[in-house]
$ cat entry-v6.pdb   # PDB, C-alpha atoms
ATOM      1  CA  MET G   1      76.285 121.024 107.595
ATOM      2  CA  GLN G   2      76.522 117.883 109.713
ATOM      3  CA  LEU G   3      79.774 117.464 111.659
ATOM      4  CA  LEU G   4      81.158 114.032 112.550
ATOM      5  CA  ASN G   5      83.269 113.443 115.668
ATOM      6  CA  ILE G   6      86.372 111.494 114.616
ATOM      7  CA  GLY G   7      87.873 111.344 118.096
ATOM      8  CA  TYR G   8      89.502 113.560 120.704
ATOM      9  CA  GLY G   9      87.251 116.510 119.960
ATOM     10  CA  ASN G  10      88.030 116.608 116.232
ATOM     11  CA  LEU G  11      85.147 117.118 113.817
ATOM     12  CA  VAL G  12      84.884 116.781 110.039
ATOM     13  CA  SER G  13      82.060 117.556 107.649
ATOM     14  CA  ALA G  14      80.096 114.335 107.146
ATOM     15  CA  GLU G  15      78.972 115.466 103.688
ATOM     16  CA  ARG G  16      82.587 115.645 102.466
ATOM     17  CA  ILE G  17      83.565 112.056 103.383
ATOM     18  CA  ILE G  18      83.634 109.642 100.452
ATOM     19  CA  ALA G  19      85.374 106.685 102.144
ATOM     20  CA  ILE G  20      86.544 105.425 105.535
ATOM     21  CA  VAL G  21      89.268 102.800 105.159
ATOM     22  CA  SER G  22      91.789 100.861 107.216
ATOM     23  CA  PRO G  23      95.378 102.179 107.022
ATOM     24  CA  ASP G  24      96.986  98.745 106.689
ATOM     25  CA  SER G  25      97.230  98.218 102.927
ATOM     26  CA  ALA G  26     100.149  99.439 100.829
ATOM     27  CA  PRO G  27      97.977 101.549  98.461
ATOM     28  CA  ILE G  28      96.450 103.424 101.406
ATOM     29  CA  LYS G  29      99.890 103.972 102.951
ATOM     30  CA  ARG G  30     101.048 105.422  99.609
ATOM     31  CA  MET G  31      97.985 107.651  99.437
ATOM     32  CA  VAL G  32      98.687 108.965 102.965
ATOM     33  CA  GLN G  33     102.336 109.656 102.102
ATOM     34  CA  GLU G  34     101.421 111.421  98.852
ATOM     35  CA  SER G  35      98.868 113.615 100.606
ATOM     36  CA  ARG G  36     101.465 114.454 103.291
ATOM     37  CA  GLU G  37     103.901 115.554 100.569
ATOM     38  CA  ARG G  38     101.360 117.820  98.868
ATOM     39  CA  GLY G  39     100.102 119.297 102.147
ATOM     40  CA  ALA G  40      96.644 117.749 102.083
ATOM     41  CA  LEU G  41      97.019 115.458 105.126
ATOM     42  CA  ILE G  42      95.119 116.200 108.334
ATOM     43  CA  ASP G  43      96.437 114.168 111.269
ATOM     44  CA  ALA G  44      93.757 114.004 113.978
ATOM     45  CA  THR G  45      95.325 111.107 115.896
ATOM     46  CA  TYR G  46      96.972 113.181 118.658
ATOM     47  CA  GLY G  47     100.044 110.957 118.393
ATOM     48  CA  ARG G  48      98.123 107.724 118.748
ATOM     49  CA  ARG G  49      98.048 104.828 116.331
ATOM     50  CA  THR G  50      96.155 105.506 113.084
ATOM     51  CA  ARG G  51      93.192 103.148 112.853
ATOM     52  CA  ALA G  52      91.141 104.838 110.129
ATOM     53  CA  VAL G  53      91.826 106.946 107.065
ATOM     54  CA  LEU G  54      89.043 109.227 105.852
ATOM     55  CA  LEU G  55      89.084 110.289 102.214
ATOM     56  CA  THR G  56      87.242 113.455 101.263
ATOM     57  CA  ASP G  57      85.852 114.856  98.046
ATOM     58  CA  THR G  58      88.345 117.744  98.312
ATOM     59  CA  ASP G  59      91.282 115.277  98.046
ATOM     60  CA  HIS G  60      92.191 115.758 101.700
ATOM     61  CA  VAL G  61      93.152 112.698 103.725
ATOM     62  CA  VAL G  62      92.239 112.661 107.421
ATOM     63  CA  LEU G  63      93.848 110.264 109.916
ATOM     64  CA  SER G  64      91.871 109.136 112.965
ATOM     65  CA  ALA G  65      92.716 107.034 116.018
ATOM     66  CA  LEU G  66      89.208 105.556 115.998
ATOM     67  CA  THR G  67      88.357 102.413 114.043
ATOM     68  CA  PRO G  68      86.391 102.617 110.784
ATOM     69  CA  GLU G  69      83.532 100.744 112.503
ATOM     70  CA  THR G  70      83.290 103.335 115.280
ATOM     71  CA  ILE G  71      83.332 106.242 112.839
ATOM     72  CA  SER G  72      80.753 104.597 110.597
ATOM     73  CA  GLY G  73      78.502 104.000 113.618
ATOM     74  CA  ARG G  74      78.728 107.685 114.488
ATOM     75  CA  LEU G  75      78.008 108.606 110.878
ATOM     76  CA  GLU G  76      74.888 106.429 110.901
ATOM     77  CA  GLY G  77      73.709 108.067 114.100
ATOM     78  CA  ARG G  78      74.367 105.265 116.575
ATOM     79  CA  GLY G  79      76.929 107.548 118.235
ATOM     80  CA  GLY G  80      77.209 105.956 121.689
ATOM     81  CA  GLU G  81      80.589 104.312 121.185
ATOM     82  CA  LYS G  82      83.401 105.333 123.509
ATOM     83  CA  GLU G  83      86.714 106.559 122.189
ATOM     84  CA  GLU G  84      89.402 103.927 121.851
ATOM     85  CA  THR G  85      92.939 104.532 123.073
ATOM     86  CA  ASP G  86      96.202 102.637 122.922
ATOM     87  CA  GLU G  87      96.498 102.671 126.709
ATOM     88  CA  GLY G  88      94.155  99.729 127.051
TER      89      GLY G  88
END
$ encode --input "entry-v6.pdb" --output "structure tokens"
Amino acid sequence: MQLLNIGYGNLVSAERIIAIVSPDSAPIKRMVQESRERGALIDATYGRRTRAVLLTDTDHVVLSALTPETISGRLEGRGGEKEETDEG
């Protein structure tokens, strides 16, 4: 099982991810809210701004403070990106 670092020491199974999307659209915001209501939301932002939403094949929704581009780079093995924070 390959684990993917999604920021701040949080790891998810890379094989379970089916999509990495931006949280800005209304349908994604609805999906996040619905998963929160049914108890399938995993918030890995540590209180920071959500920049990526990971959708899994188990219908869990994972929130990350890293951008989709950073996570996709890590998934493809480029890995050297630094973690982004709101503090500048």
$ residues_around --input "entry-v6.pdb" --residues "His60 in chain G" --least-positions-apart "6" --cutoff "9 Å" --atoms "all atoms listed in the file" --output "PDB file with C-alpha atoms, in the coordinates of the input"
ATOM      1  CA  SER G  35      98.868 113.615 100.606  1.00  0.00           C
ATOM      2  CA  GLY G  39     100.102 119.297 102.147  1.00  0.00           C
ATOM      3  CA  ALA G  40      96.644 117.749 102.083  1.00  0.00           C
ATOM      4  CA  LEU G  41      97.019 115.458 105.126  1.00  0.00           C
ATOM      5  CA  ILE G  42      95.119 116.200 108.334  1.00  0.00           C
ATOM      6  CA  LEU G  54      89.043 109.227 105.852  1.00  0.00           C
TER       7      LEU G  54
END
$ closest_residue --input "entry-v6.pdb" --among "G:Val12, G:Leu55, G:Ile6, G:Ala44" --to "Thr70 in chain G" --atoms "only C-alpha atoms"
G:Ile6
$ closest_residue --input "entry-v6.pdb" --among "G:Arg48, G:Gly9, G:Ile18, G:Val32" --to "Val61 in chain G" --atoms "all atoms listed in the file"
G:Val32
$ resolve_selection --input "entry-v6.pdb" --expression "the PyMOL selection byres ((chain G and resi 66) around 7)" --output "number ranges by chain"
G: 6-7, 51-52, 64-65, 67-68, 70-71, 83-84
$ closest_residue --input "entry-v6.pdb" --among "G:Thr50, G:Ile20, G:Gly77, G:Pro27" --to "Leu3 in chain G" --atoms "only C-alpha atoms"
G:Gly77
$ closest_residue --input "entry-v6.pdb" --among "G:Leu11, G:Met1, G:Leu75, G:Val53" --to "Lys29 in chain G" --atoms "only C-alpha atoms"
G:Val53
$ closest_residue --input "entry-v6.pdb" --among "G:Leu63, G:Glu69, G:Arg38, G:Arg78" --to "Pro23 in chain G" --atoms "only C-alpha atoms"
G:Leu63
$ closest_residue --input "entry-v6.pdb" --among "G:Asp57, G:Gly47, G:Arg74, G:Ala26" --to "Gln2 in chain G" --atoms "only C-alpha atoms"
G:Arg74
$ atom_distance --input "entry-v6.pdb" --atom1 "CA of Arg30 in chain G" --atom2 "CA of Gly73 in chain G"
26.6 Å
$ build_atoms --input "entry-v6.pdb" --residues "range 7-30 of chain G" --atoms "N, CA, C and O atoms" --output "PDB file, keeping the file's coordinate frame"
ATOM      1  N   GLY G   7      87.059 111.658 116.928  1.00  0.00           N
ATOM      2  CA  GLY G   7      87.873 111.344 118.096  1.00  0.00           C
ATOM      3  C   GLY G   7      88.626 112.531 118.641  1.00  0.00           C
ATOM      4  O   GLY G   7      89.066 113.402 117.904  1.00  0.00           O
ATOM      5  N   TYR G   8      88.723 112.564 119.968  1.00  0.00           N
ATOM      6  CA  TYR G   8      89.502 113.560 120.704  1.00  0.00           C
ATOM      7  C   TYR G   8      89.077 114.988 120.383  1.00  0.00           C
ATOM      8  O   TYR G   8      89.901 115.887 120.283  1.00  0.00           O
ATOM      9  N   GLY G   9      87.779 115.175 120.197  1.00  0.00           N
ATOM     10  CA  GLY G   9      87.251 116.510 119.960  1.00  0.00           C
ATOM     11  C   GLY G   9      87.404 117.027 118.544  1.00  0.00           C
ATOM     12  O   GLY G   9      87.095 118.185 118.275  1.00  0.00           O
ATOM     13  N   ASN G  10      87.859 116.201 117.627  1.00  0.00           N
ATOM     14  CA  ASN G  10      88.030 116.608 116.232  1.00  0.00           C
ATOM     15  C   ASN G  10      86.765 116.297 115.447  1.00  0.00           C
ATOM     16  O   ASN G  10      86.177 115.228 115.582  1.00  0.00           O
ATOM     17  N   LEU G  11      86.358 117.255 114.612  1.00  0.00           N
ATOM     18  CA  LEU G  11      85.147 117.118 113.817  1.00  0.00           C
ATOM     19  C   LEU G  11      85.459 117.336 112.345  1.00  0.00           C
ATOM     20  O   LEU G  11      86.293 118.177 112.003  1.00  0.00           O
ATOM     21  N   VAL G  12      84.786 116.578 111.485  1.00  0.00           N
ATOM     22  CA  VAL G  12      84.884 116.781 110.039  1.00  0.00           C
ATOM     23  C   VAL G  12      83.473 116.856 109.472  1.00  0.00           C
ATOM     24  O   VAL G  12      82.518 116.359 110.072  1.00  0.00           O
ATOM     25  N   SER G  13      83.349 117.459 108.316  1.00  0.00           N
ATOM     26  CA  SER G  13      82.060 117.556 107.649  1.00  0.00           C
ATOM     27  C   SER G  13      81.667 116.182 107.102  1.00  0.00           C
ATOM     28  O   SER G  13      82.369 115.618 106.266  1.00  0.00           O
ATOM     29  N   ALA G  14      80.556 115.663 107.570  1.00  0.00           N
ATOM     30  CA  ALA G  14      80.096 114.335 107.146  1.00  0.00           C
ATOM     31  C   ALA G  14      79.781 114.295 105.651  1.00  0.00           C
ATOM     32  O   ALA G  14      79.976 113.271 105.000  1.00  0.00           O
ATOM     33  N   GLU G  15      79.327 115.424 105.105  1.00  0.00           N
ATOM     34  CA  GLU G  15      78.972 115.466 103.688  1.00  0.00           C
ATOM     35  C   GLU G  15      80.181 115.356 102.769  1.00  0.00           C
ATOM     36  O   GLU G  15      80.048 115.022 101.598  1.00  0.00           O
ATOM     37  N   ARG G  16      81.360 115.662 103.272  1.00  0.00           N
ATOM     38  CA  ARG G  16      82.587 115.645 102.466  1.00  0.00           C
ATOM     39  C   ARG G  16      83.272 114.281 102.429  1.00  0.00           C
ATOM     40  O   ARG G  16      84.135 114.055 101.586  1.00  0.00           O
ATOM     41  N   ILE G  17      82.901 113.364 103.316  1.00  0.00           N
ATOM     42  CA  ILE G  17      83.565 112.056 103.383  1.00  0.00           C
ATOM     43  C   ILE G  17      83.068 111.163 102.257  1.00  0.00           C
ATOM     44  O   ILE G  17      81.859 110.999 102.067  1.00  0.00           O
ATOM     45  N   ILE G  18      84.026 110.583 101.502  1.00  0.00           N
ATOM     46  CA  ILE G  18      83.634 109.642 100.452  1.00  0.00           C
ATOM     47  C   ILE G  18      84.019 108.208 100.811  1.00  0.00           C
ATOM     48  O   ILE G  18      83.445 107.275 100.279  1.00  0.00           O
ATOM     49  N   ALA G  19      84.987 108.032 101.740  1.00  0.00           N
ATOM     50  CA  ALA G  19      85.374 106.685 102.144  1.00  0.00           C
ATOM     51  C   ALA G  19      86.048 106.722 103.511  1.00  0.00           C
ATOM     52  O   ALA G  19      86.704 107.698 103.866  1.00  0.00           O
ATOM     53  N   ILE G  20      85.855 105.628 104.260  1.00  0.00           N
ATOM     54  CA  ILE G  20      86.544 105.425 105.535  1.00  0.00           C
ATOM     55  C   ILE G  20      87.208 104.058 105.413  1.00  0.00           C
ATOM     56  O   ILE G  20      86.517 103.047 105.276  1.00  0.00           O
ATOM     57  N   VAL G  21      88.545 104.040 105.418  1.00  0.00           N
ATOM     58  CA  VAL G  21      89.268 102.800 105.159  1.00  0.00           C
ATOM     59  C   VAL G  21      90.295 102.520 106.253  1.00  0.00           C
ATOM     60  O   VAL G  21      90.695 103.407 107.000  1.00  0.00           O
ATOM     61  N   SER G  22      90.734 101.275 106.299  1.00  0.00           N
ATOM     62  CA  SER G  22      91.789 100.861 107.216  1.00  0.00           C
ATOM     63  C   SER G  22      93.142 101.297 106.652  1.00  0.00           C
ATOM     64  O   SER G  22      93.348 101.262 105.438  1.00  0.00           O
ATOM     65  N   PRO G  23      94.086 101.669 107.504  1.00  0.00           N
ATOM     66  CA  PRO G  23      95.378 102.179 107.022  1.00  0.00           C
ATOM     67  C   PRO G  23      96.410 101.096 106.723  1.00  0.00           C
ATOM     68  O   PRO G  23      97.554 101.411 106.435  1.00  0.00           O
ATOM     69  N   ASP G  24      96.016  99.834 106.731  1.00  0.00           N
ATOM     70  CA  ASP G  24      96.986  98.745 106.689  1.00  0.00           C
ATOM     71  C   ASP G  24      97.524  98.384 105.307  1.00  0.00           C
ATOM     72  O   ASP G  24      98.620  97.859 105.199  1.00  0.00           O
ATOM     73  N   SER G  25      96.784  98.653 104.255  1.00  0.00           N
ATOM     74  CA  SER G  25      97.230  98.218 102.927  1.00  0.00           C
ATOM     75  C   SER G  25      98.268  99.179 102.335  1.00  0.00           C
ATOM     76  O   SER G  25      98.287 100.367 102.646  1.00  0.00           O
ATOM     77  N   ALA G  26      99.097  98.644 101.470  1.00  0.00           N
ATOM     78  CA  ALA G  26     100.149  99.439 100.829  1.00  0.00           C
ATOM     79  C   ALA G  26      99.590 100.599  99.996  1.00  0.00           C
ATOM     80  O   ALA G  26     100.131 101.706 100.057  1.00  0.00           O
ATOM     81  N   PRO G  27      98.514 100.415  99.224  1.00  0.00           N
ATOM     82  CA  PRO G  27      97.977 101.549  98.461  1.00  0.00           C
ATOM     83  C   PRO G  27      97.497 102.696  99.358  1.00  0.00           C
ATOM     84  O   PRO G  27      97.690 103.863  99.022  1.00  0.00           O
ATOM     85  N   ILE G  28      96.907 102.376 100.485  1.00  0.00           N
ATOM     86  CA  ILE G  28      96.450 103.424 101.406  1.00  0.00           C
ATOM     87  C   ILE G  28      97.646 104.119 102.037  1.00  0.00           C
ATOM     88  O   ILE G  28      97.660 105.346 102.186  1.00  0.00           O
ATOM     89  N   LYS G  29      98.674 103.367 102.394  1.00  0.00           N
ATOM     90  CA  LYS G  29      99.890 103.972 102.951  1.00  0.00           C
ATOM     91  C   LYS G  29     100.526 104.924 101.944  1.00  0.00           C
ATOM     92  O   LYS G  29     100.996 106.004 102.308  1.00  0.00           O
ATOM     93  N   ARG G  30     100.525 104.539 100.658  1.00  0.00           N
ATOM     94  CA  ARG G  30     101.048 105.422  99.609  1.00  0.00           C
ATOM     95  C   ARG G  30     100.201 106.681  99.482  1.00  0.00           C
ATOM     96  O   ARG G  30     100.725 107.781  99.342  1.00  0.00           O
TER      97      ARG G  30
END
